Structure formats: C-alpha cells, structure tokens
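Below is model.csv, holding CSV, C-alpha atoms and all ligand atoms.
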```
chain,number,residue,atom,x,y,z
A,1030,MET,CA,84.4,73.9,106.4
A,1031,PRO,CA,85.5,77.5,105.8
A,1032,VAL,CA,83.7,80.1,107.9
A,1033,THR,CA,82.5,83.3,106.3
A,1034,PHE,CA,83.7,86.0,108.7
A,1035,THR,CA,81.5,89.1,108.6
A,1036,ARG,CA,81.7,92.3,110.7
A,1037,SER,CA,78.9,91.1,112.9
A,1038,ALA,CA,80.6,87.7,113.4
A,1039,LEU,CA,83.7,89.6,114.5
A,1040,MET,CA,81.6,91.6,117.0
A,1041,LEU,CA,80.0,88.4,118.2
A,1042,SER,CA,83.3,86.7,118.6
A,1043,LEU,CA,84.4,89.6,120.8
A,1044,LEU,CA,81.4,88.8,123.0
A,1045,LEU,CA,81.9,85.1,123.0
A,1046,GLY,CA,85.6,85.2,123.7
A,1047,PHE,CA,88.7,85.3,121.5
A,1048,GLY,CA,88.8,83.2,118.4
A,1049,GLN,CA,85.4,81.6,118.4
A,1050,THR,CA,82.4,82.3,116.2
A,1051,GLN,CA,78.8,81.7,117.2
A,1052,ALA,CA,79.0,78.1,115.9
A,1053,GLY,CA,82.1,77.5,118.0
A,1054,GLU,CA,84.3,77.3,115.0
A,1055,ALA,CA,87.6,79.2,114.9
A,1056,ALA,CA,87.6,82.5,113.1
A,1057,PRO,CA,90.1,83.0,110.2
A,1058,PRO,CA,93.6,83.8,111.4
A,1059,LYS,CA,93.5,87.3,109.9
A,1060,SER,CA,90.5,88.1,112.0
A,1061,LEU,CA,92.0,86.5,115.1
A,1062,ALA,CA,95.0,88.8,114.6
A,1063,ALA,CA,92.8,91.9,114.1
A,1064,LEU,CA,90.9,91.1,117.3
A,1065,GLN,CA,94.2,91.4,119.2
A,1066,GLY,CA,95.5,94.5,117.2
A,1067,ILE,CA,98.3,92.3,115.8
A,1068,PRO,CA,99.3,92.9,112.1
A,1069,HIS,CA,98.9,90.0,109.8
A,1070,PRO,CA,101.4,88.8,108.8
A,1071,ALA,CA,103.4,90.3,111.6
A,1072,VAL,CA,107.0,91.3,111.0
A,1073,ILE,CA,108.9,90.7,114.3
A,1074,ALA,CA,112.4,92.0,114.3
A,1075,HIS,CA,114.3,89.3,116.2
A,1076,ARG,CA,116.8,91.0,118.6
A,1077,GLY,CA,116.2,94.1,116.4
A,1078,ALA,CA,117.5,94.1,112.8
A,1079,SER,CA,120.2,91.8,114.0
A,1080,PHE,CA,121.5,90.6,110.6
A,1081,ASP,CA,122.6,94.2,109.8
A,1082,ALA,CA,123.7,95.5,113.3
A,1083,PRO,CA,124.8,94.0,116.6
A,1084,GLU,CA,121.8,92.2,118.2
A,1085,THR,CA,119.8,93.9,121.0
A,1086,THR,CA,121.7,97.2,120.7
A,1087,ALA,CA,120.4,100.6,119.9
A,1088,ALA,CA,121.7,100.3,116.3
A,1089,ALA,CA,119.7,97.1,115.7
A,1090,TYR,CA,116.5,98.4,117.4
A,1091,LYS,CA,116.5,101.8,115.8
A,1092,LEU,CA,117.1,100.2,112.4
A,1093,ALA,CA,114.2,97.8,112.8
A,1094,ARG,CA,111.9,100.6,114.0
A,1095,ASP,CA,112.8,103.0,111.2
A,1096,LEU,CA,112.6,100.2,108.5
A,1097,GLY,CA,109.0,99.8,109.6
A,1098,ALA,CA,109.0,96.5,111.5
A,1099,ASP,CA,105.8,95.8,113.5
A,1100,TYR,CA,107.6,94.5,116.6
A,1101,LEU,CA,111.0,94.8,118.3
A,1102,GLU,CA,111.7,91.4,119.8
A,1103,LEU,CA,113.7,91.1,123.0
A,1104,ASP,CA,114.9,88.6,125.6
A,1105,LEU,CA,114.4,89.9,129.1
A,1106,GLN,CA,116.9,89.5,132.0
A,1107,ARG,CA,117.4,91.2,135.4
A,1108,SER,CA,120.7,92.5,136.7
A,1109,LYS,CA,122.2,91.8,140.1
A,1110,ASP,CA,120.8,95.1,141.3
A,1111,GLY,CA,117.3,94.5,139.9
A,1112,VAL,CA,117.4,96.4,136.6
A,1113,LEU,CA,115.5,94.8,133.7
A,1114,PHE,CA,117.8,94.5,130.7
A,1115,VAL,CA,117.8,93.0,127.3
A,1116,LEU,CA,120.2,90.1,126.2
A,1117,HIS,CA,119.7,86.8,124.6
A,1118,ASP,CA,122.5,84.6,126.1
A,1119,ASP,CA,122.8,84.1,129.8
A,1120,SER,CA,126.6,84.3,129.2
A,1121,LEU,CA,128.3,87.5,128.2
A,1122,LEU,CA,131.1,85.8,126.3
A,1123,ARG,CA,129.7,85.7,122.8
A,1124,THR,CA,128.5,89.3,122.4
A,1125,THR,CA,130.7,91.4,124.7
A,1126,ASP,CA,134.3,92.0,125.8
A,1127,VAL,CA,133.6,90.6,129.3
A,1128,ALA,CA,136.7,88.4,129.0
A,1129,THR,CA,138.9,91.5,128.8
A,1130,LYS,CA,137.0,93.8,131.2
A,1131,PHE,CA,136.2,91.2,133.9
A,1132,PRO,CA,138.6,88.3,133.2
A,1133,GLU,CA,138.0,86.6,136.6
A,1134,ARG,CA,134.2,86.8,136.1
A,1135,LYS,CA,134.0,86.0,132.4
A,1136,ASP,CA,132.2,82.8,133.0
A,1137,SER,CA,129.6,84.3,135.3
A,1138,THR,CA,126.1,84.7,134.0
A,1139,ALA,CA,125.0,88.2,133.0
A,1140,ASN,CA,122.6,88.4,136.0
A,1141,GLU,CA,125.6,88.3,138.4
A,1142,PHE,CA,126.6,91.7,137.2
A,1143,THR,CA,125.2,95.1,138.3
A,1144,MET,CA,123.7,97.2,135.6
A,1145,ALA,CA,126.6,99.7,136.0
A,1146,GLU,CA,129.0,96.8,135.3
A,1147,LEU,CA,127.0,95.6,132.3
A,1148,LYS,CA,127.1,99.2,130.9
A,1149,THR,CA,130.9,99.1,130.9
A,1150,LEU,CA,130.9,96.3,128.3
A,1151,ASP,CA,131.3,96.7,124.5
A,1152,ALA,CA,128.4,94.8,122.9
A,1153,GLY,CA,129.2,95.8,119.3
A,1154,SER,CA,132.7,94.9,118.4
A,1155,TRP,CA,132.1,91.2,118.3
A,1156,PHE,CA,129.8,91.8,115.4
A,1157,ASN,CA,132.5,93.5,113.3
A,1158,THR,CA,134.8,90.6,113.9
A,1159,ALA,CA,132.1,87.9,113.1
A,1160,TYR,CA,130.7,89.7,110.1
A,1161,PRO,CA,133.4,91.9,108.5
A,1162,ASP,CA,131.2,92.5,105.4
A,1163,ARG,CA,128.6,94.2,107.6
A,1164,ALA,CA,131.0,95.8,110.1
A,1165,ARG,CA,130.9,99.6,110.9
A,1166,PRO,CA,133.3,101.6,113.1
A,1167,SER,CA,130.2,103.1,114.8
A,1168,PHE,CA,129.3,99.6,116.2
A,1169,VAL,CA,132.3,99.6,118.4
A,1170,GLY,CA,131.4,100.3,122.0
A,1171,LEU,CA,127.6,99.8,121.6
A,1172,LYS,CA,126.0,99.1,125.0
A,1173,ILE,CA,123.8,96.5,126.5
A,1174,LEU,CA,120.3,98.2,126.8
A,1175,THR,CA,117.9,98.3,129.7
A,1176,LEU,CA,114.3,97.6,129.0
A,1177,ASP,CA,113.6,101.3,129.6
A,1178,GLU,CA,116.0,102.2,126.8
A,1179,VAL,CA,114.3,99.8,124.3
A,1180,ILE,CA,111.0,101.3,125.2
A,1181,ASN,CA,112.5,104.8,124.5
A,1182,ILE,CA,113.6,103.5,121.1
A,1183,ALA,CA,110.1,102.1,120.4
A,1184,GLU,CA,108.6,105.4,121.2
A,1185,GLY,CA,111.3,107.4,119.5
A,1186,ASN,CA,110.1,107.7,115.9
A,1187,PRO,CA,107.1,110.1,115.6
A,1188,LEU,CA,106.1,108.5,112.3
A,1189,HIS,CA,106.3,104.8,113.1
A,1190,LYS,CA,105.8,103.2,116.5
A,1191,PRO,CA,106.6,99.4,116.6
A,1192,GLY,CA,105.3,97.3,119.4
A,1193,LEU,CA,107.4,95.2,121.8
A,1194,TYR,CA,107.5,91.4,121.7
A,1195,ILE,CA,109.0,90.4,125.0
A,1196,GLU,CA,110.4,87.0,126.0
A,1197,THR,CA,110.9,86.0,129.6
A,1198,LYS,CA,114.3,84.3,129.0
A,1199,GLU,CA,115.3,81.5,131.4
A,1200,PRO,CA,112.6,82.8,133.8
A,1201,LYS,CA,113.6,80.3,136.5
A,1202,LEU,CA,116.8,82.3,137.0
A,1203,PHE,CA,114.6,85.4,137.7
A,1204,PRO,CA,111.9,84.7,140.2
A,1205,GLY,CA,109.2,87.4,140.1
A,1206,ILE,CA,110.4,88.8,136.7
A,1207,GLU,CA,106.8,88.6,135.3
A,1208,ARG,CA,105.7,91.0,138.1
A,1209,ASP,CA,108.7,93.3,137.5
A,1210,LEU,CA,107.8,93.4,133.8
A,1211,LYS,CA,104.2,94.3,134.6
A,1212,ASP,CA,105.3,97.1,136.9
A,1213,LYS,CA,107.7,98.5,134.3
A,1214,LEU,CA,105.2,98.3,131.4
A,1215,HIS,CA,102.5,99.9,133.7
A,1216,ASP,CA,104.9,102.7,134.8
A,1217,ARG,CA,105.8,103.4,131.1
A,1218,GLY,CA,102.1,103.5,130.0
A,1219,TRP,CA,102.5,100.4,127.9
A,1220,LEU,CA,99.6,98.4,129.4
A,1221,SER,CA,97.0,100.6,127.8
A,1222,PRO,CA,96.6,101.9,124.2
A,1223,SER,CA,98.3,105.3,123.9
A,1224,GLY,CA,96.1,108.3,123.4
A,1225,SER,CA,98.6,111.1,122.8
A,1226,LYS,CA,98.3,113.4,119.8
A,1227,LEU,CA,101.7,112.3,118.8
A,1228,ALA,CA,100.7,108.7,118.7
A,1229,LYS,CA,97.6,109.5,116.8
A,1230,ARG,CA,99.6,111.0,114.0
A,1231,ALA,CA,102.0,108.1,113.9
A,1232,THR,CA,101.4,104.7,112.4
A,1233,GLY,CA,102.4,101.3,113.8
A,1234,VAL,CA,101.2,98.6,116.2
A,1235,GLY,CA,102.8,100.5,119.1
A,1236,GLN,CA,99.8,102.7,119.7
A,1237,GLY,CA,97.1,100.0,119.7
A,1238,LYS,CA,95.8,97.0,121.6
A,1239,GLY,CA,98.5,94.7,120.3
A,1240,LYS,CA,101.4,97.0,121.3
A,1241,VAL,CA,102.9,94.4,123.6
A,1242,VAL,CA,103.1,90.6,123.0
A,1243,LEU,CA,104.6,88.4,125.8
A,1244,GLN,CA,106.4,85.2,124.8
A,1245,THR,CA,108.0,82.3,126.7
A,1246,PHE,CA,109.1,78.7,126.2
A,1247,GLU,CA,108.2,78.0,129.9
A,1248,LYS,CA,104.8,76.8,130.8
A,1249,SER,CA,105.2,78.1,134.4
A,1250,SER,CA,106.2,81.6,133.1
A,1251,LEU,CA,103.2,81.6,130.8
A,1252,GLU,CA,100.9,81.0,133.8
A,1253,LEU,CA,102.6,83.8,135.7
A,1254,LEU,CA,102.4,86.2,132.8
A,1255,GLN,CA,98.7,85.4,132.4
A,1256,LYS,CA,98.2,86.0,136.1
A,1257,GLU,CA,100.0,89.4,136.1
A,1258,MET,CA,98.8,90.7,132.7
A,1259,PRO,CA,95.6,88.8,131.7
A,1260,ASN,CA,94.7,91.3,129.0
A,1261,VAL,CA,98.1,91.4,127.2
A,1262,PRO,CA,98.4,88.9,124.2
A,1263,LYS,CA,100.7,86.0,125.0
A,1264,VAL,CA,102.5,83.4,122.9
A,1265,LEU,CA,103.9,80.0,124.0
A,1266,LEU,CA,107.1,79.3,122.2
A,1267,LEU,CA,107.4,75.7,120.9
A,1268,TRP,CA,110.6,73.6,120.8
A,1269,VAL,CA,111.3,69.9,120.5
A,1270,GLY,CA,113.7,68.9,123.3
A,1271,ASP,CA,114.1,67.7,126.9
A,1272,GLY,CA,111.5,69.3,129.1
A,1273,TYR,CA,109.6,70.7,126.1
A,1274,ILE,CA,107.8,68.9,123.3
A,1275,GLU,CA,108.9,65.2,123.6
A,1276,ALA,CA,110.9,64.0,120.6
A,1277,LYS,CA,110.1,60.9,118.6
A,1278,SER,CA,113.8,59.9,118.7
A,1279,LYS,CA,115.8,59.8,121.9
A,1280,VAL,CA,119.1,60.0,120.0
A,1281,THR,CA,121.1,63.0,121.2
A,1282,PHE,CA,123.2,65.2,118.8
A,1283,ALA,CA,126.4,63.6,120.1
A,1284,GLU,CA,125.0,60.1,119.5
A,1285,SER,CA,123.5,60.9,116.1
A,1286,GLY,CA,126.7,61.0,114.1
A,1287,GLU,CA,125.6,64.2,112.4
A,1288,THR,CA,128.3,66.8,112.1
A,1289,ASP,CA,125.8,69.7,111.5
A,1290,LYS,CA,123.4,70.6,114.3
A,1291,ALA,CA,120.9,72.0,111.8
A,1292,ALA,CA,120.7,68.7,110.0
A,1293,TYR,CA,120.2,67.0,113.4
A,1294,TYR,CA,117.4,69.4,114.5
A,1295,ALA,CA,115.7,69.2,111.1
A,1296,LYS,CA,115.1,65.5,111.8
A,1297,GLN,CA,113.7,66.1,115.3
A,1298,GLN,CA,109.9,65.6,115.3
A,1299,PRO,CA,107.4,65.5,118.1
A,1300,LYS,CA,106.8,62.0,119.5
A,1301,ASP,CA,103.4,62.0,117.8
A,1302,ASN,CA,100.6,64.3,116.7
A,1303,ALA,CA,99.0,64.2,120.2
A,1304,GLU,CA,102.2,65.4,121.8
A,1305,PHE,CA,102.2,68.5,119.6
A,1306,GLU,CA,98.5,69.1,120.1
A,1307,GLN,CA,98.9,68.9,123.9
A,1308,TRP,CA,101.3,71.9,123.9
A,1309,VAL,CA,98.9,73.9,121.7
A,1310,GLN,CA,96.0,73.0,124.1
A,1311,PHE,CA,98.1,74.0,127.1
A,1312,ALA,CA,98.8,77.4,125.4
A,1313,LYS,CA,95.1,77.9,124.8
A,1314,ALA,CA,94.1,76.8,128.3
A,1315,GLN,CA,96.5,79.4,129.8
A,1316,GLY,CA,95.1,82.2,127.8
A,1317,ALA,CA,97.7,82.4,125.0
A,1318,ILE,CA,96.6,83.9,121.7
A,1319,GLY,CA,99.1,82.0,119.7
A,1320,THR,CA,102.2,79.7,119.6
A,1321,GLY,CA,105.7,80.5,118.4
A,1322,PRO,CA,107.1,77.3,116.8
A,1323,SER,CA,110.6,76.7,115.4
A,1324,ALA,CA,111.3,76.2,111.7
A,1325,ALA,CA,113.8,74.1,109.7
A,1326,LEU,CA,115.6,76.5,107.3
A,1327,THR,CA,116.5,75.6,103.7
A,1328,GLN,CA,120.1,76.7,104.2
A,1329,GLY,CA,120.4,75.2,107.7
A,1330,GLY,CA,122.5,77.3,110.1
A,1331,SER,CA,122.5,78.0,113.8
A,1332,GLN,CA,118.9,79.1,114.0
A,1333,SER,CA,117.5,76.1,112.0
A,1334,TYR,CA,115.5,73.7,114.3
A,1335,SER,CA,112.7,71.2,114.1
A,1336,ASP,CA,110.0,71.9,111.5
A,1337,LEU,CA,107.0,72.8,113.8
A,1338,VAL,CA,105.1,74.8,111.1
A,1339,GLN,CA,104.0,71.9,108.9
A,1340,PRO,CA,100.6,72.7,107.4
A,1341,TRP,CA,98.7,70.3,109.6
A,1342,MET,CA,100.3,71.8,112.7
A,1343,ASN,CA,99.3,75.4,111.7
A,1344,GLN,CA,95.8,74.2,110.8
A,1345,TYR,CA,95.4,72.5,114.1
A,1346,THR,CA,96.6,75.6,115.9
A,1347,HIS,CA,94.2,77.8,113.9
A,1348,ASP,CA,91.3,75.4,114.6
A,1349,GLN,CA,92.0,76.1,118.3
A,1350,GLY,CA,91.5,79.8,117.6
A,1351,LEU,CA,95.3,80.5,118.0
A,1352,LEU,CA,97.8,82.3,115.8
A,1353,VAL,CA,101.2,81.0,114.7
A,1354,HIS,CA,104.3,83.2,114.8
A,1355,VAL,CA,107.3,81.2,113.6
A,1356,TYR,CA,111.0,81.7,114.6
A,1357,THR,CA,113.5,82.6,113.0
A,1358,VAL,CA,113.3,83.0,109.2
A,1359,ASP,CA,115.6,85.2,107.1
A,1360,GLU,CA,115.5,84.1,103.5
A,1361,ALA,CA,112.8,84.6,100.8
A,1362,VAL,CA,112.6,80.9,100.0
A,1363,ASP,CA,111.7,80.2,103.6
A,1364,PHE,CA,109.4,83.3,103.9
A,1365,ARG,CA,107.4,81.7,101.1
A,1366,LYS,CA,107.5,78.2,102.5
A,1367,VAL,CA,106.3,79.2,106.0
A,1368,LEU,CA,103.6,81.6,104.7
A,1369,GLU,CA,102.3,79.0,102.3
A,1370,ALA,CA,102.2,76.6,105.3
A,1371,GLY,CA,99.9,79.1,107.0
A,1372,VAL,CA,101.9,81.1,109.6
A,1373,ASP,CA,100.6,84.5,110.8
A,1374,GLY,CA,103.8,86.2,111.6
A,1375,ILE,CA,107.6,85.7,111.3
A,1376,PHE,CA,110.5,86.4,113.7
A,1377,THR,CA,113.3,87.5,111.4
A,1378,ASN,CA,116.8,88.9,111.8
A,1379,ARG,CA,116.3,90.5,108.4
A,1380,ALA,CA,113.4,92.8,108.9
A,1381,SER,CA,114.4,94.7,105.7
A,1382,GLU,CA,114.1,91.5,103.6
A,1383,LEU,CA,110.8,90.4,105.1
A,1384,LEU,CA,109.3,93.9,104.6
A,1385,LYS,CA,110.4,93.8,101.0
A,1386,TYR,CA,109.1,90.3,100.5
A,1387,LEU,CA,105.7,91.4,101.9
A,1388,LYS,CA,105.8,94.5,99.6
A,1389,ARG,CA,105.4,96.8,102.6
A,1390,PRO,CA,106.2,100.5,102.0
A,1391,GLU,CA,109.9,101.2,101.9
A,1392,THR,CA,111.4,103.8,104.3
A,1393,GLY,CA,115.0,103.6,103.0
A,1394,SER,CA,117.8,101.2,102.6
A,1395,VAL,CA,119.5,99.5,105.5
A,1396,ALA,CA,122.6,101.7,104.9
A,1397,GLN,CA,120.5,104.9,104.8
A,1398,VAL,CA,118.6,104.2,108.0
A,1399,LEU,CA,121.8,103.2,109.8
A,1400,GLU,CA,123.4,106.4,108.7
A,1401,ASN,CA,120.4,108.5,109.6
A,1402,ASN,CA,120.7,107.2,113.1
A,1403,GLY,CA,124.4,108.0,113.3
A,1404,TYR,CA,125.9,104.6,112.6
B,1501,LIG,O1,111.5,84.4,120.8
B,1501,LIG,C1,111.5,83.7,119.6
B,1501,LIG,C2,112.8,83.3,119.3
B,1501,LIG,O2,113.6,84.4,119.7
B,1501,LIG,C3,113.2,82.1,120.2
B,1501,LIG,O3,114.5,81.8,120.1
B,1501,LIG,O4,116.5,81.6,121.3
B,1501,LIG,O5,116.3,83.4,119.7
B,1501,LIG,O6,115.1,83.5,121.9
B,1501,LIG,P1,115.7,82.7,120.8
B,1502,CA,CA,113.7,85.4,121.9
```
Go ahead and render the structure in this file as structure tokens.
Ligand code: G3P
Ligand code: CA
Amino acid sequence: MPVTFTRSALMLSLLLGFGQTQAGEAAPPKSLAALQGIPHPAVIAHRGASFDAPETTAAAYKLARDLGADYLELDLQRSKDGVLFVLHDDSLLRTTDVATKFPERKDSTANEFTMAELKTLDAGSWFNTAYPDRARPSFVGLKILTLDEVINIAEGNPLHKPGLYIETKEPKLFPGIERDLKDKLHDRGWLSPSGSKLAKRATGVGQGKGKVVLQTFEKSSLELLQKEMPNVPKVLLLWVGDGYIEAKSKVTFAESGETDKAAYYAKQQPKDNAEFEQWVQFAKAQGAIGTGPSAALTQGGSQSYSDLVQPWMNQYTHDQGLLVHVYTVDEAVDFRKVLEAGVDGIFTNRASELLKYLKRPETGSVAQVLENNGY
C-alpha cells in the first residue's frame, strides 16, 4: 500500500531511524534519498566522465564536475609507501605505459609501486589509442591521481561542488584502508557538512550531508566502513558470482559456449529470490543506505552484467528502506529502462548524456568544458 509521506512523517522517520515511517513501512525512495542528502535520481560519474576522457584522470573528473554530475566515482587503492590513490584495475597494464617505463615490473600490481613511481606513468595515452574518435593530444601524459588530488578537484569549482562516491577496491589487498580513508576524509574536512561562505554560494551535493557515499562489493569492508564512519552513507555493491550472490547456474563462461561475455552475464541470475534478498538484508543490517546492483545493457559490452535491477528486486530493496544505485549505464534506452524499473541513481561513464536525459541544466558541451579546463 502506498504511503503518503508528509513533512511530519519525514521528521518522525528521522526520529525512528532511516527509512521507516511510524507504521514501520518504508518511506518513498525520494524521501529516503532526501534524508541522506543524496540527489534523486543521483548522477554518479563512473571513474569521472570516462567515456569522454581517460578514466580516473584530472581531465575526466574536472569534466564530470563542470558538467554538473552529483558525484565523482572512484576506486581507492594504497601505494607501497602508504598513499591513497585512485585506479580501477589492480594491474597497471591496461591504462598506463608501465610496460615501457618498468618492463621488469609490468605484471606487478599497482600497490607494489611507490606513489612517486606511479606518478611517472602516462595514464592518458592508452585512451587515445583505444578511442581515436575521442582522442586529444592533451590527454597524453595525464597522471594517476592521489585521493587528495581528486578531493581538490571536487572542491575546485566555486559554482558546483560534486560529492565523492568512494569504493574500497579489493580491500583485502589493503588491510586498514577503511581507517586510512576515514583519517584522510577527516583531515580534509569531508566528514562534516561544509560551512564556508564559498560553499554556501555554490550548488551541489558536495556541501551537504550526502557529500560522501562509501561503496564496496565486500561484506567485510562494509562492516569496517560502518565501524569507522557510522554516519556516512554506505552502499553494498551487488554482483552474481563466486563469493558474492550465488548464481542459479554453475556453468562458467568457458563452459557456456558463449563467445560474448555480456551475453553470458546477461543470463546469470541469483540462485533464487531468497539469495538476492539475503544480500539486501545484510546490507541493511550493516547500516547501508542502499545497494549498487549490476545491469544487463541493451547493447552488451564489457560493462554489461547480470540484471539485478528487475522491478521486484528494486521494490524489495525499497521495502527494506534502502536505495538502489545501478552500475554502469550509458545509453538513453537503458537510462529509461532502469529508471522505469525503479532505480534511484545511476553510475554512468557518460555523465553528459545522463544529465541531458534527466533535463538537468546544461553547463556547456563536452568539448567546451574540456577546452575550458585546458584539454
Ligand atoms: O562502483 C560501482 C561500479 O564502479 C562497480 O564496478 O568494477 O567499475 O568498480 P567497477
Ligand atoms: Ca567502482
């Protein structure tokens, strides 16, 4: 039965705890998001505006910020000498020239390099080779960024301040990274809403309660994040696979006879409804405010996975008082599909397209914003 959500109900739900009305029913998702200071629907720039510029570089993050994305998404790692930095893969091979600069160590993981060594790598040229139609000479030589540098970028536009949506990537490789992250966010003043005059003049989620969202695929990391930062919104990422949501079929990609990984993943489903529900319940029990499920994309591709945003799944999650932020969706046909299915936010490589789809105010074209930032 739909719940009429009045201002007084909102206040009451604050008193009773996140997501629950007086009658114990879940509040509407938009109100759940408002309670956390999270825009609805949220535009989460996945590795920055990474369709249009090399992922997790200054070009991609400044572009996402200045286009007006709500959040800059990042995967957190820690260098050999203890510096928090931002990179998706644990290997450096795909997105840097490590094979040229450190041929003997090219197969080492990124965390086996000091920050000074990581800073010698070119993290932009691979993009020009992979996507010649989007290539720019100014992308050559872009650097891997520290977390501090991404925070500087998030704070750097006086008129629009995005939040940070931070994933503890492979946290078992980085014991204590949840504590390190807390210390860094605390030192940078990101664990409390900003009160500066500059921030008050600006717009954007980066000055309010929802300025940081923490995300992880790992149950153990969610528990540690909750212990370290109980008041910061957290999201448990959902995935069908070994060690995560148990699949209905035990047939591996190699055994499946599929030639296309996206087609294989699209067929992967949780073992049963209860298996999906258990993961949502775990997220809730650990204090998460939402889940981050995968999506099967219309065009397939390397970021198309199991469809975990079926309407019943979103409804179940909402009934638990949790939000749904789906990864990673880039096309209008899929924006429509997942929003109609009930999601509350979207991780996208194409922040420009999602902002346009949602009819959010335009700040300039991708080319203009890149050029304004010197790219
Ligand atoms: O963090 C959400 C989404 O980014 C998860 O996938 O592999 O791109 O980190 P991945
Ligand atoms: Ca991520």
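Proximity ranking of A:Ala1314, A:Ala1370, A:Ala1295, A:Val1309 relative to Tyr1334 of chain A places A:Ala1295 first, based on only C-alpha atoms.
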Item to check | Best match for closeness to ligand LIG 1501 (chain B) among A:Ser1154, A:Asn1401, A:Gln1310, A:Ser1323, counting only C-alpha atoms and all ligand atoms | outcome: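 With only C-alpha atoms and all ligand atoms as the atom set, the closest residue is A:Ser1323.
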Checklist outcome for this item: Closest of A:Asp1118, A:Asp1373, A:Glu1146, A:Glu1382 to ligand LIG 1501 (chain B), counting all atoms listed in the file, is A:Asp1118
Next on the checklist: Can you pull out every residue with an atom within 9 Å of ligand LIG 1501 (chain B)? Use only C-alpha atoms and all ligand atoms and format it as number ranges by chain.
Outcome noted: A: 1075-1076, 1102-1104, 1117-1118, 1194-1198, 1244-1246, 1266-1268, 1321-1323, 1332, 1354-1357, 1376-1377
Output the selection as a PDB file, in the coordinates of the input - C-alpha atoms for each residue.
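Written output follows (part.pdb):
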```pdb
ATOM      1  CA  HIS A1075     114.300  89.300 116.200  1.00  0.00           C
ATOM      2  CA  ARG A1076     116.800  91.000 118.600  1.00  0.00           C
ATOM      3  CA  GLU A1102     111.700  91.400 119.800  1.00  0.00           C
ATOM      4  CA  LEU A1103     113.700  91.100 123.000  1.00  0.00           C
ATOM      5  CA  ASP A1104     114.900  88.600 125.600  1.00  0.00           C
ATOM      6  CA  HIS A1117     119.700  86.800 124.600  1.00  0.00           C
ATOM      7  CA  ASP A1118     122.500  84.600 126.100  1.00  0.00           C
ATOM      8  CA  TYR A1194     107.500  91.400 121.700  1.00  0.00           C
ATOM      9  CA  ILE A1195     109.000  90.400 125.000  1.00  0.00           C
ATOM     10  CA  GLU A1196     110.400  87.000 126.000  1.00  0.00           C
ATOM     11  CA  THR A1197     110.900  86.000 129.600  1.00  0.00           C
ATOM     12  CA  LYS A1198     114.300  84.300 129.000  1.00  0.00           C
ATOM     13  CA  GLN A1244     106.400  85.200 124.800  1.00  0.00           C
ATOM     14  CA  THR A1245     108.000  82.300 126.700  1.00  0.00           C
ATOM     15  CA  PHE A1246     109.100  78.700 126.200  1.00  0.00           C
ATOM     16  CA  LEU A1266     107.100  79.300 122.200  1.00  0.00           C
ATOM     17  CA  LEU A1267     107.400  75.700 120.900  1.00  0.00           C
ATOM     18  CA  TRP A1268     110.600  73.600 120.800  1.00  0.00           C
ATOM     19  CA  GLY A1321     105.700  80.500 118.400  1.00  0.00           C
ATOM     20  CA  PRO A1322     107.100  77.300 116.800  1.00  0.00           C
ATOM     21  CA  SER A1323     110.600  76.700 115.400  1.00  0.00           C
ATOM     22  CA  GLN A1332     118.900  79.100 114.000  1.00  0.00           C
ATOM     23  CA  HIS A1354     104.300  83.200 114.800  1.00  0.00           C
ATOM     24  CA  VAL A1355     107.300  81.200 113.600  1.00  0.00           C
ATOM     25  CA  TYR A1356     111.000  81.700 114.600  1.00  0.00           C
ATOM     26  CA  THR A1357     113.500  82.600 113.000  1.00  0.00           C
ATOM     27  CA  PHE A1376     110.500  86.400 113.700  1.00  0.00           C
ATOM     28  CA  THR A1377     113.300  87.500 111.400  1.00  0.00           C
TER      29      THR A1377
END
```
Item to check | Contact residues around Ala1098 of chain A with all atoms listed in the file at 12 Å, ignoring same-chain residues under 4 positions, as a VMD selection string | outcome: chain A and resid 1068 1070 to 1078 1089 to 1094 1102 1183 1189 to 1194 1232 to 1235 1374 to 1385 1387 1389 to 1392
Next on the checklist: I'd like to know which of A:Asp1216, A:Glu1054, A:Glu1199, A:Glu1360 is closest to ligand CA 1502 (chain B), using all atoms listed in the file.
Outcome noted: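 Closest to ligand CA 1502 (chain B), using all atoms listed in the file: A:Glu1199.
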Next on the checklist: Which residues are close to Lys1313 of chain A, i.e. within 8 Å by all atoms listed in the file, leaving aside same-chain residues fewer than 5 positions away? Reply as a list in words.
Outcome noted: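 Everything that qualifies: Ile1318, Gly1319, Gln1349 and Leu1351 of chain A.
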Checklist entry - Could you list as an MDAnalysis selection string every residue that has an atom within 12 Å of (105.4, 93.2, 134.3), using the file's coordinates and counting only C-alpha atoms? => result chainID A and resid 1105 1113 1176 1195:1197 1205:1220 1241:1243 1250 1253:1259 1261
Checklist entry - Closest to ligand CA 1502 (chain B) among A:Gln1106, A:Ser1060, A:Gln1065, A:Gln1339, using all atoms listed in the file? => result A:Gln1106
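Distance check against ligand CA 1502 (chain B) using only C-alpha atoms and all ligand atoms: of A:Ala1291, A:Lys1248, A:Thr1158, A:Glu1084, the minimum falls on A:Glu1084.
Atom CA of Glu1141 of chain A is positioned 16.3 Å from atom CA of Thr1124 of chain A.
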Next on the checklist: One decimal, in Å: what's the spacing between atom CA of Asp1162 of chain A and atom CA of Ser1079 of chain A?
Outcome noted: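 Going from atom CA of Asp1162 of chain A over to atom CA of Ser1079 of chain A covers 14.0 Å.
We find atom CA of Phe1114 of chain A and atom CA of Ala1145 of chain A to be spaced 11.5 Å apart.
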Checklist entry - Quick one: residues within 10 Å of segment 1168-1174 of chain A, only C-alpha atoms counted, chain neighbours fewer than 5 positions away excluded, as number ranges by chain? => result A: 1082-1089, 1113-1116, 1124-1126, 1144, 1147-1157, 1179-1180, 1404
Next on the checklist: Quick one: residues within 10 Å of Thr1281 of chain A, all atoms listed in the file, excluding same-chain residues fewer than 4 positions away - as a VMD selection string?
Outcome noted: chain A and resid 1270 1285 to 1287 1293 to 1294 1297
Serialized selection, C-alpha atoms, as a PDB file, keeping the file's coordinate frame:
```
ATOM      1  CA  GLY A1270     113.700  68.900 123.300  1.00  0.00           C
ATOM      2  CA  SER A1285     123.500  60.900 116.100  1.00  0.00           C
ATOM      3  CA  GLY A1286     126.700  61.000 114.100  1.00  0.00           C
ATOM      4  CA  GLU A1287     125.600  64.200 112.400  1.00  0.00           C
ATOM      5  CA  TYR A1293     120.200  67.000 113.400  1.00  0.00           C
ATOM      6  CA  TYR A1294     117.400  69.400 114.500  1.00  0.00           C
ATOM      7  CA  GLN A1297     113.700  66.100 115.300  1.00  0.00           C
TER       8      GLN A1297
END
```
